[in-house]
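One file, start.cif, is given below (mmCIF, C-alpha atoms).
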```cif
data_structure
loop_
_atom_site.group_PDB
_atom_site.id
_atom_site.type_symbol
_atom_site.label_atom_id
_atom_site.label_comp_id
_atom_site.auth_asym_id
_atom_site.auth_seq_id
_atom_site.Cartn_x
_atom_site.Cartn_y
_atom_site.Cartn_z
ATOM 1 C CA MET A 1 12.279 12.911 -20.060
ATOM 2 C CA PHE A 2 10.209 11.561 -22.907
ATOM 3 C CA HIS A 3 11.981 9.813 -25.741
ATOM 4 C CA LEU A 4 10.086 9.737 -29.031
ATOM 5 C CA PHE A 5 10.691 6.721 -31.244
ATOM 6 C CA PHE A 6 9.656 6.327 -34.866
ATOM 7 C CA HIS A 7 9.685 2.837 -36.280
ATOM 8 C CA LYS A 8 10.644 1.915 -39.808
ATOM 9 C CA VAL A 9 7.941 1.461 -42.415
ATOM 10 C CA GLN A 10 6.386 -1.940 -41.868
ATOM 11 C CA LYS A 11 4.852 -2.485 -45.290
ATOM 12 C CA ILE A 12 5.118 -0.837 -48.675
ATOM 13 C CA ARG A 13 2.971 -1.756 -51.671
ATOM 14 C CA ILE A 14 3.419 0.364 -54.802
ATOM 15 C CA LYS A 15 1.936 0.017 -58.279
ATOM 16 C CA ILE A 16 3.134 2.785 -60.589
ATOM 17 C CA SER A 17 3.083 3.436 -64.316
ATOM 18 C CA PHE A 18 5.817 5.794 -65.479
ATOM 19 C CA LEU A 19 7.246 6.436 -62.004
ATOM 20 C CA ILE A 20 9.160 9.455 -63.234
ATOM 21 C CA LEU A 21 5.924 11.304 -63.954
ATOM 22 C CA PHE A 22 4.719 10.765 -60.401
ATOM 23 C CA TYR A 23 8.083 11.262 -58.663
ATOM 24 C CA PRO A 24 7.246 14.716 -57.194
ATOM 25 C CA LEU A 25 3.767 13.528 -56.185
ATOM 26 C CA PHE A 26 5.222 10.501 -54.412
ATOM 27 C CA PHE A 27 7.472 12.515 -52.140
ATOM 28 C CA SER A 28 4.807 15.152 -51.530
ATOM 29 C CA PHE A 29 2.567 12.352 -50.282
ATOM 30 C CA LEU A 30 5.255 11.106 -47.910
ATOM 31 C CA VAL A 31 5.566 14.584 -46.410
ATOM 32 C CA LEU A 32 1.797 14.752 -45.883
ATOM 33 C CA LEU A 33 1.870 11.273 -44.384
ATOM 34 C CA ASN A 34 4.405 12.313 -41.753
ATOM 35 C CA VAL A 35 2.314 15.356 -40.872
ATOM 36 C CA HIS A 36 -0.788 13.188 -40.547
ATOM 37 C CA LEU A 37 0.930 10.698 -38.252
ATOM 38 C CA MET A 38 2.121 13.475 -35.985
ATOM 39 C CA ALA A 39 -1.355 15.007 -36.043
ATOM 40 C CA GLN A 40 -2.782 11.829 -34.515
ATOM 41 C CA GLY A 41 -1.229 13.056 -31.283
ATOM 42 C CA ILE A 42 0.712 11.397 -28.524
ATOM 43 C CA ILE A 43 -0.867 10.636 -25.176
ATOM 44 C CA ASN A 44 0.177 12.866 -22.307
ATOM 45 C CA ILE A 45 2.096 10.948 -19.652
ATOM 46 C CA THR A 46 2.976 12.272 -16.194
ATOM 47 C CA PRO A 47 5.366 12.144 -14.535
ATOM 48 C CA LYS A 48 7.989 12.000 -17.274
ATOM 49 C CA ARG A 49 10.188 9.585 -15.295
ATOM 50 C CA LEU A 50 9.876 7.218 -12.352
ATOM 51 C CA VAL A 51 12.589 6.924 -9.718
ATOM 52 C CA PHE A 52 12.381 4.216 -7.061
ATOM 53 C CA GLU A 53 14.522 5.099 -4.059
ATOM 54 C CA GLY A 54 14.157 4.836 -0.310
ATOM 55 C CA GLN A 55 10.929 3.083 0.679
ATOM 56 C CA LYS A 56 9.049 3.583 -2.612
ATOM 57 C CA ARG A 57 7.558 0.342 -3.886
ATOM 58 C CA ILE A 58 4.636 1.388 -6.098
ATOM 59 C CA MET A 59 4.431 4.382 -8.430
ATOM 60 C CA GLU A 60 1.862 5.514 -10.970
ATOM 61 C CA LEU A 61 1.896 6.984 -14.455
ATOM 62 C CA ASN A 62 -1.100 9.061 -15.454
ATOM 63 C CA LEU A 63 -2.085 8.772 -19.123
ATOM 64 C CA SER A 64 -4.493 11.166 -20.793
ATOM 65 C CA ASN A 65 -5.758 11.585 -24.328
ATOM 66 C CA ASP A 66 -6.567 15.228 -25.046
ATOM 67 C CA SER A 67 -7.259 14.688 -28.751
ATOM 68 C CA GLN A 68 -10.571 14.086 -30.488
ATOM 69 C CA ASP A 69 -9.526 10.622 -31.685
ATOM 70 C CA SER A 70 -9.298 7.374 -29.772
ATOM 71 C CA ALA A 71 -5.775 6.144 -29.025
ATOM 72 C CA LYS A 72 -4.516 2.632 -28.431
ATOM 73 C CA TYR A 73 -1.067 1.852 -27.045
ATOM 74 C CA SER A 74 0.768 -1.309 -26.077
ATOM 75 C CA ILE A 75 3.229 -1.067 -23.182
ATOM 76 C CA SER A 76 6.514 -2.958 -23.102
ATOM 77 C CA ILE A 77 10.113 -2.449 -21.979
ATOM 78 C CA LEU A 78 13.054 -1.106 -23.977
ATOM 79 C CA GLN A 79 16.711 -0.903 -23.029
ATOM 80 C CA ILE A 80 18.344 2.330 -24.126
ATOM 81 C CA ARG A 81 21.869 3.679 -24.471
ATOM 82 C CA MET A 82 22.498 7.433 -24.383
ATOM 83 C CA THR A 83 25.300 8.817 -26.544
ATOM 84 C CA GLU A 84 27.565 11.727 -25.653
ATOM 85 C CA ASP A 85 25.607 13.881 -28.123
ATOM 86 C CA GLY A 86 22.292 13.147 -26.409
ATOM 87 C CA TYR A 87 20.941 10.637 -28.914
ATOM 88 C CA PHE A 88 19.290 7.385 -27.862
ATOM 89 C CA GLN A 89 19.887 3.884 -29.167
ATOM 90 C CA THR A 90 18.009 0.695 -28.319
ATOM 91 C CA ILE A 91 20.239 -2.114 -27.052
ATOM 92 C CA THR A 92 19.875 -5.656 -25.694
ATOM 93 C CA THR A 93 23.115 -5.941 -23.695
ATOM 94 C CA PRO A 94 24.070 -3.340 -21.084
ATOM 95 C CA ASP A 95 27.214 -1.291 -21.567
ATOM 96 C CA ILE A 96 29.997 -1.566 -19.016
ATOM 97 C CA GLY A 97 28.739 0.165 -15.884
ATOM 98 C CA GLN A 98 25.078 0.055 -16.987
ATOM 99 C CA ASN A 99 22.413 -1.998 -15.177
ATOM 100 C CA PHE A 100 18.946 -2.843 -16.492
ATOM 101 C CA ALA A 101 15.886 -2.556 -14.228
ATOM 102 C CA ASP A 102 13.444 -4.785 -16.130
ATOM 103 C CA LYS A 103 13.822 -7.841 -13.857
ATOM 104 C CA ASN A 104 12.913 -5.766 -10.829
ATOM 105 C CA ILE A 105 9.789 -3.995 -12.028
ATOM 106 C CA ARG A 106 6.358 -5.070 -13.142
ATOM 107 C CA PHE A 107 3.538 -2.982 -14.504
ATOM 108 C CA PHE A 108 -0.175 -3.150 -15.261
ATOM 109 C CA PRO A 109 -1.967 -2.901 -17.647
ATOM 110 C CA ARG A 110 0.049 -3.958 -20.699
ATOM 111 C CA SER A 111 -2.106 -1.981 -23.109
ATOM 112 C CA VAL A 112 -4.461 0.992 -22.966
ATOM 113 C CA ILE A 113 -7.334 2.268 -25.076
ATOM 114 C CA LEU A 114 -8.267 5.873 -24.456
ATOM 115 C CA GLY A 115 -11.226 7.633 -26.005
ATOM 116 C CA PRO A 116 -11.210 11.399 -26.524
ATOM 117 C CA ASN A 117 -10.487 13.211 -23.240
ATOM 118 C CA GLU A 118 -10.170 9.929 -21.336
ATOM 119 C CA SER A 119 -7.416 9.088 -18.843
ATOM 120 C CA GLN A 120 -6.000 6.003 -17.152
ATOM 121 C CA VAL A 121 -3.401 5.046 -14.574
ATOM 122 C CA VAL A 122 -0.548 2.588 -15.183
ATOM 123 C CA LYS A 123 0.873 1.142 -11.969
ATOM 124 C CA VAL A 124 4.553 0.223 -11.732
ATOM 125 C CA GLN A 125 5.784 -1.938 -8.855
ATOM 126 C CA LEU A 126 9.294 -2.550 -7.562
ATOM 127 C CA ILE A 127 10.047 -6.235 -6.857
ATOM 128 C CA LYS A 128 13.017 -8.232 -5.507
ATOM 129 C CA SER A 129 14.803 -5.039 -4.505
ATOM 130 C CA ASP A 130 16.549 -6.862 -1.633
ATOM 131 C CA GLN A 131 18.540 -8.776 -4.250
ATOM 132 C CA LEU A 132 20.059 -5.660 -5.802
ATOM 133 C CA GLU A 133 23.610 -4.482 -5.220
ATOM 134 C CA PRO A 134 24.185 -0.763 -4.526
ATOM 135 C CA GLY A 135 23.980 1.360 -7.637
ATOM 136 C CA GLU A 136 21.464 2.472 -10.260
ATOM 137 C CA TYR A 137 19.286 0.334 -12.516
ATOM 138 C CA ARG A 138 17.407 1.709 -15.534
ATOM 139 C CA SER A 139 14.963 0.475 -18.165
ATOM 140 C CA HIS A 140 12.339 2.337 -20.194
ATOM 141 C CA LEU A 141 8.600 1.734 -20.495
ATOM 142 C CA TYR A 142 7.699 1.931 -24.167
ATOM 143 C CA PHE A 143 4.241 3.173 -25.148
ATOM 144 C CA LYS A 144 3.813 2.033 -28.738
ATOM 145 C CA SER A 145 1.021 3.497 -30.848
ATOM 146 C CA LEU A 146 -1.208 0.856 -32.427
ATOM 147 C CA ILE A 147 -2.606 2.614 -35.488
ATOM 148 C CA PRO A 148 -5.282 0.999 -37.699
ATOM 149 C CA GLN A 149 -3.743 -1.399 -40.211
ATOM 150 C CA LYS A 150 -4.948 0.587 -43.192
ATOM 151 C CA ALA A 151 -3.155 2.845 -45.596
ATOM 152 C CA LEU A 152 -3.918 6.520 -45.248
ATOM 153 C CA GLY A 153 -6.111 7.730 -48.105
ATOM 154 C CA ASP A 154 -7.239 4.234 -49.220
ATOM 155 C CA GLU A 155 -10.798 5.447 -49.534
ATOM 156 C CA ASP A 156 -9.738 7.807 -52.317
ATOM 157 C CA VAL A 157 -7.856 5.227 -54.408
ATOM 158 C CA LYS A 158 -9.683 3.868 -57.440
ATOM 159 C CA LYS A 159 -9.153 0.359 -58.765
ATOM 160 C CA ASP A 160 -7.842 1.623 -62.099
ATOM 161 C CA SER A 161 -5.388 4.032 -60.491
ATOM 162 C CA THR A 162 -1.853 3.939 -61.856
ATOM 163 C CA PHE A 163 -0.551 4.960 -58.441
ATOM 164 C CA LEU A 164 -1.258 2.817 -55.387
ATOM 165 C CA LEU A 165 0.618 3.376 -52.140
ATOM 166 C CA ASN A 166 0.205 1.496 -48.883
ATOM 167 C CA ILE A 167 2.450 2.523 -45.995
ATOM 168 C CA LEU A 168 2.068 1.470 -42.367
ATOM 169 C CA ALA A 169 4.187 3.087 -39.676
ATOM 170 C CA THR A 170 4.203 3.319 -35.889
ATOM 171 C CA PHE A 171 5.631 5.643 -33.304
ATOM 172 C CA GLY A 172 5.901 5.657 -29.538
ATOM 173 C CA VAL A 173 7.140 7.306 -26.377
ATOM 174 C CA THR A 174 9.441 5.962 -23.679
ATOM 175 C CA VAL A 175 9.529 6.814 -19.988
ATOM 176 C CA PRO A 176 12.638 5.927 -17.929
ATOM 177 C CA VAL A 177 12.140 3.795 -14.829
ATOM 178 C CA ILE A 178 15.099 4.078 -12.456
ATOM 179 C CA ILE A 179 15.914 2.092 -9.311
ATOM 180 C CA ARG A 180 18.475 3.543 -6.913
ATOM 181 C CA VAL A 181 20.062 1.450 -4.196
ATOM 182 C CA GLY A 182 22.450 2.906 -1.615
ATOM 183 C CA GLU A 183 24.002 6.333 -1.278
ATOM 184 C CA SER A 184 24.844 8.455 -4.295
ATOM 185 C CA THR A 185 28.514 9.163 -5.048
ATOM 186 C CA THR A 186 27.694 11.286 -8.100
ATOM 187 C CA THR A 187 29.371 14.610 -8.802
ATOM 188 C CA GLN A 188 28.977 16.865 -11.816
ATOM 189 C CA SER A 189 30.605 19.866 -13.445
ATOM 190 C CA ILE A 190 30.295 22.100 -16.523
ATOM 191 C CA THR A 191 33.200 22.560 -18.920
ATOM 192 C CA ASN A 192 33.838 23.693 -22.516
ATOM 193 C CA LEU A 193 31.465 26.640 -22.147
ATOM 194 C CA LYS A 194 31.391 28.670 -25.365
ATOM 195 C CA LEU A 195 29.259 31.074 -27.390
ATOM 196 C CA LEU A 196 28.375 29.642 -30.798
ATOM 197 C CA THR A 197 27.422 31.979 -33.633
ATOM 198 C CA ALA A 198 25.691 30.739 -36.791
ATOM 199 C CA THR A 199 26.097 32.246 -40.247
ATOM 200 C CA ASP A 200 22.742 34.012 -39.871
ATOM 201 C CA GLY A 201 23.947 35.753 -36.713
ATOM 202 C CA THR A 202 21.906 33.688 -34.246
ATOM 203 C CA HIS A 203 23.560 32.247 -31.140
ATOM 204 C CA LYS A 204 23.673 29.098 -29.067
ATOM 205 C CA ILE A 205 25.521 28.248 -25.877
ATOM 206 C CA GLY A 206 27.677 25.146 -26.096
ATOM 207 C CA LEU A 207 28.780 23.239 -22.991
ATOM 208 C CA VAL A 208 29.680 19.833 -21.654
ATOM 209 C CA ILE A 209 28.119 18.336 -18.532
ATOM 210 C CA ASN A 210 30.539 15.968 -16.803
ATOM 211 C CA ARG A 211 29.244 13.201 -14.518
ATOM 212 C CA THR A 212 31.089 10.793 -12.238
ATOM 213 C CA GLY A 213 29.773 8.350 -9.651
ATOM 214 C CA ASN A 214 27.073 5.691 -9.420
ATOM 215 C CA MET A 215 23.862 7.609 -10.228
ATOM 216 C CA SER A 216 22.465 9.521 -13.195
ATOM 217 C CA ILE A 217 21.518 13.189 -13.030
ATOM 218 C CA TYR A 218 18.476 15.015 -14.340
ATOM 219 C CA GLY A 219 17.570 18.687 -14.294
ATOM 220 C CA ASP A 220 17.263 22.020 -16.068
ATOM 221 C CA ILE A 221 19.882 24.268 -17.648
ATOM 222 C CA SER A 222 19.404 28.030 -17.397
ATOM 223 C CA VAL A 223 21.554 30.617 -19.173
ATOM 224 C CA MET A 224 21.960 34.138 -17.780
ATOM 225 C CA TYR A 225 23.580 37.130 -19.425
ATOM 226 C CA ILE A 226 25.359 39.454 -16.989
ATOM 227 C CA ALA A 227 25.902 42.956 -18.348
ATOM 228 C CA PRO A 228 29.009 45.012 -17.433
ATOM 229 C CA ASN A 229 26.829 46.968 -14.972
ATOM 230 C CA GLY A 230 25.814 43.726 -13.212
ATOM 231 C CA LYS A 231 22.264 43.458 -14.583
ATOM 232 C CA GLU A 232 21.217 39.834 -15.146
ATOM 233 C CA THR A 233 18.890 38.660 -17.912
ATOM 234 C CA LYS A 234 17.787 35.082 -18.642
ATOM 235 C CA ILE A 235 18.504 34.365 -22.296
ATOM 236 C CA GLY A 236 18.179 30.576 -22.516
ATOM 237 C CA MET A 237 16.613 27.516 -20.923
ATOM 238 C CA SER A 238 16.704 23.779 -21.544
ATOM 239 C CA LYS A 239 14.480 21.561 -19.400
ATOM 240 C CA GLY A 240 14.719 17.878 -18.624
ATOM 241 C CA VAL A 241 18.400 17.319 -19.386
ATOM 242 C CA ALA A 242 19.627 13.901 -18.223
ATOM 243 C CA VAL A 243 23.049 12.315 -18.109
ATOM 244 C CA TYR A 244 22.472 8.588 -17.618
ATOM 245 C CA THR A 245 24.905 6.047 -16.231
ATOM 246 C CA PRO A 246 27.401 4.950 -17.396
ATOM 247 C CA ASN A 247 27.952 8.133 -19.442
ATOM 248 C CA LEU A 248 30.670 10.419 -18.160
ATOM 249 C CA LEU A 249 29.685 13.440 -20.232
ATOM 250 C CA LEU A 250 26.950 14.997 -22.321
ATOM 251 C CA LYS A 251 27.476 17.596 -25.046
ATOM 252 C CA VAL A 252 24.727 20.212 -24.931
ATOM 253 C CA GLN A 253 23.669 23.220 -26.994
ATOM 254 C CA VAL A 254 21.141 25.667 -25.574
ATOM 255 C CA ASP A 255 19.254 28.071 -27.824
ATOM 256 C CA VAL A 256 19.723 31.741 -26.980
ATOM 257 C CA ASP A 257 16.862 34.240 -27.116
ATOM 258 C CA ASN A 258 18.040 35.936 -30.291
ATOM 259 C CA LYS A 259 15.109 38.363 -30.239
ATOM 260 C CA SER A 260 16.533 40.273 -27.286
ATOM 261 C CA ASP A 261 18.648 43.384 -27.806
ATOM 262 C CA ILE A 262 21.445 42.107 -25.577
ATOM 263 C CA ASP A 263 24.979 42.813 -26.763
ATOM 264 C CA LEU A 264 26.868 39.532 -26.516
ATOM 265 C CA SER A 265 30.166 41.177 -27.402
ATOM 266 C CA ASN A 266 30.811 42.083 -23.755
ATOM 267 C CA GLY A 267 29.717 41.114 -20.262
ATOM 268 C CA LYS A 268 29.600 37.421 -19.353
ATOM 269 C CA ILE A 269 27.449 34.306 -19.524
ATOM 270 C CA ARG A 270 26.529 32.235 -16.473
ATOM 271 C CA VAL A 271 25.171 28.703 -16.921
ATOM 272 C CA LEU A 272 23.448 26.847 -14.084
ATOM 273 C CA TYR A 273 22.491 23.166 -14.094
ATOM 274 C CA SER A 274 20.058 22.354 -11.278
ATOM 275 C CA SER A 275 17.396 19.872 -10.200
ATOM 276 C CA GLN A 276 13.770 20.362 -11.140
ATOM 277 C CA SER A 277 12.097 21.961 -8.152
ATOM 278 C CA GLU A 278 10.040 25.123 -7.917
ATOM 279 C CA ILE A 279 10.730 25.480 -4.181
ATOM 280 C CA HIS A 280 14.353 24.565 -3.482
ATOM 281 C CA PRO A 281 16.192 23.447 -6.646
ATOM 282 C CA GLU A 282 19.525 21.792 -5.943
ATOM 283 C CA LYS A 283 22.443 23.317 -7.819
ATOM 284 C CA TYR A 284 24.388 20.627 -9.630
ATOM 285 C CA ALA A 285 26.982 22.720 -11.438
ATOM 286 C CA GLU A 286 27.698 26.278 -12.508
ATOM 287 C CA ALA A 287 30.124 27.932 -14.920
ATOM 288 C CA GLU A 288 30.801 31.403 -16.325
ATOM 289 C CA LEU A 289 32.136 32.650 -19.653
ATOM 290 C CA ASN A 290 33.681 36.088 -20.116
ATOM 291 C CA LEU A 291 32.626 37.569 -23.451
#
```
Write the structure described by the file as structure tokens, please.
Amino acid sequence: MFHLFFHKVQKIRIKISFLILFYPLFFSFLVLLNVHLMAQGIINITPKRLVFEGQKRIMELNLSNDSQDSAKYSISILQIRMTEDGYFQTITTPDIGQNFADKNIRFFPRSVILGPNESQVVKVQLIKSDQLEPGEYRSHLYFKSLIPQKALGDEDVKKDSTFLLNILATFGVTVPVIIRVGESTTTQSITNLKLLTATDGTHKIGLVINRTGNMSIYGDISVMYIAPNGKETKIGMSKGVAVYTPNLLLKVQVDVDNKSDIDLSNGKIRVLYSSQSEIHPEKYAEAELNL
């Protein structure tokens, strides 16, 4: 699961005469700036997570730049906490029941420069694993975009301009690196299954994934509608849903295909949470809701 991080503005330099006159222009520029930053693209990274278990000692991340611009990224480690609502927060001290993996992994290179349509491999190695107690250890590799230190649109700013704006911002992507030692004692279940209806008539499926044990879980959620006559129709899907240790639950909302002509006033909803596998996905948990 990728985690996208935007960093705060690093530098702001503004020279304005009669700010009120330019107030709408200022915020319009910020909107365009955000669009431009996103348009620079984010490198494609596969796989989306690394899990060291069993005899695995070296794993690889494949980076590719499919855009027409060169991309430069530094690679470091972040520690992340997951909230019950699925948000992520950077931390420096582990929560109770959480273990960091940074002291037991090393990676190379520490930075990458990719031209258009270029690719590169980042190798991640497990070290000192014999010193680890049973359980799960997690840290996140952070791929930070290194954009040119120049304000967007500087070439169009004249010296006598009454409006001068210089904003530098960065963004990045994180990839979880997980070390598992010993047997898993993890169990999971789905509770609080409900149909949520917005004021515009669209629907979502609300649920809670409960996790206990020593390992995190990661998989896909599929939502099926079962008509009174038994016909089943897939109406929702959410991929790459993780519940990390030490979290005991995750609150989830899955978008429903509101374009279908399915009558959600009767029948029932079945929700399945399973591992990501095209051949033999493992069922983690299942629940049904009578409509």
On this structure, the PyMOL selection byres ((chain A and resi 120) around 9) would catch which residues? List them as a list in words, sorted by chain and number. Leu61, Asn62, Leu63, Ser64, Val112, Ile113, Leu114, Glu118, Ser119, Val121 and Val122 of chain A
How would the residues just chosen look if you wrote them out with C-alpha atoms as a PDB file, in the frame of the given file?
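Saved to part.pdb:
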```
ATOM      1  CA  LEU A  61       1.896   6.984 -14.455  1.00  0.00           C
ATOM      2  CA  ASN A  62      -1.100   9.061 -15.454  1.00  0.00           C
ATOM      3  CA  LEU A  63      -2.085   8.772 -19.123  1.00  0.00           C
ATOM      4  CA  SER A  64      -4.493  11.166 -20.793  1.00  0.00           C
ATOM      5  CA  VAL A 112      -4.461   0.992 -22.966  1.00  0.00           C
ATOM      6  CA  ILE A 113      -7.334   2.268 -25.076  1.00  0.00           C
ATOM      7  CA  LEU A 114      -8.267   5.873 -24.456  1.00  0.00           C
ATOM      8  CA  GLU A 118     -10.170   9.929 -21.336  1.00  0.00           C
ATOM      9  CA  SER A 119      -7.416   9.088 -18.843  1.00  0.00           C
ATOM     10  CA  VAL A 121      -3.401   5.046 -14.574  1.00  0.00           C
ATOM     11  CA  VAL A 122      -0.548   2.588 -15.183  1.00  0.00           C
TER      12      VAL A 122
END
```
On this structure, which residues satisfy the PyMOL selection byres ((chain A and resi 291) around 9), written as a list in words?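 Taken on the displayed file, the PyMOL selection byres ((chain A and resi 291) around 9) yields the residues Leu195, Leu264, Ser265, Asn266, Gly267, Lys268, Ile269, Leu289 and Asn290 of chain A.
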Between CA of Asn44 (chain A) and CA of Gln79 (chain A), what is the distance, to one decimal in Å?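 CA of Gln79 (chain A) lies 21.5 Å from CA of Asn44 (chain A).
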Selection: 6 Å around Leu272 (chain A), all atoms listed in the file, excl. self and same-chain fewer than 6 positions, as an MDAnalysis selection string: chainID A and resid 221:222 286
I'd like to see the residues matched by the PyMOL selection byres ((chain A and resi 224) around 6) on this file, and ideally I'd get them as a PDB file with C-alpha atoms, in the frame of the given file.
```pdb
ATOM      1  CA  VAL A 223      21.554  30.617 -19.173  1.00  0.00           C
ATOM      2  CA  TYR A 225      23.580  37.130 -19.425  1.00  0.00           C
ATOM      3  CA  THR A 233      18.890  38.660 -17.912  1.00  0.00           C
ATOM      4  CA  LYS A 234      17.787  35.082 -18.642  1.00  0.00           C
ATOM      5  CA  ILE A 235      18.504  34.365 -22.296  1.00  0.00           C
ATOM      6  CA  ILE A 269      27.449  34.306 -19.524  1.00  0.00           C
ATOM      7  CA  ARG A 270      26.529  32.235 -16.473  1.00  0.00           C
TER       8      ARG A 270
END
```
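Here CA of Tyr218 (chain A) and CA of Phe100 (chain A) stand 18.0 Å from one another.
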What gap, in Å, lies between CA of Gly115 (chain A) and CA of Ala71 (chain A)?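 CA of Ala71 (chain A) lies 6.4 Å from CA of Gly115 (chain A).
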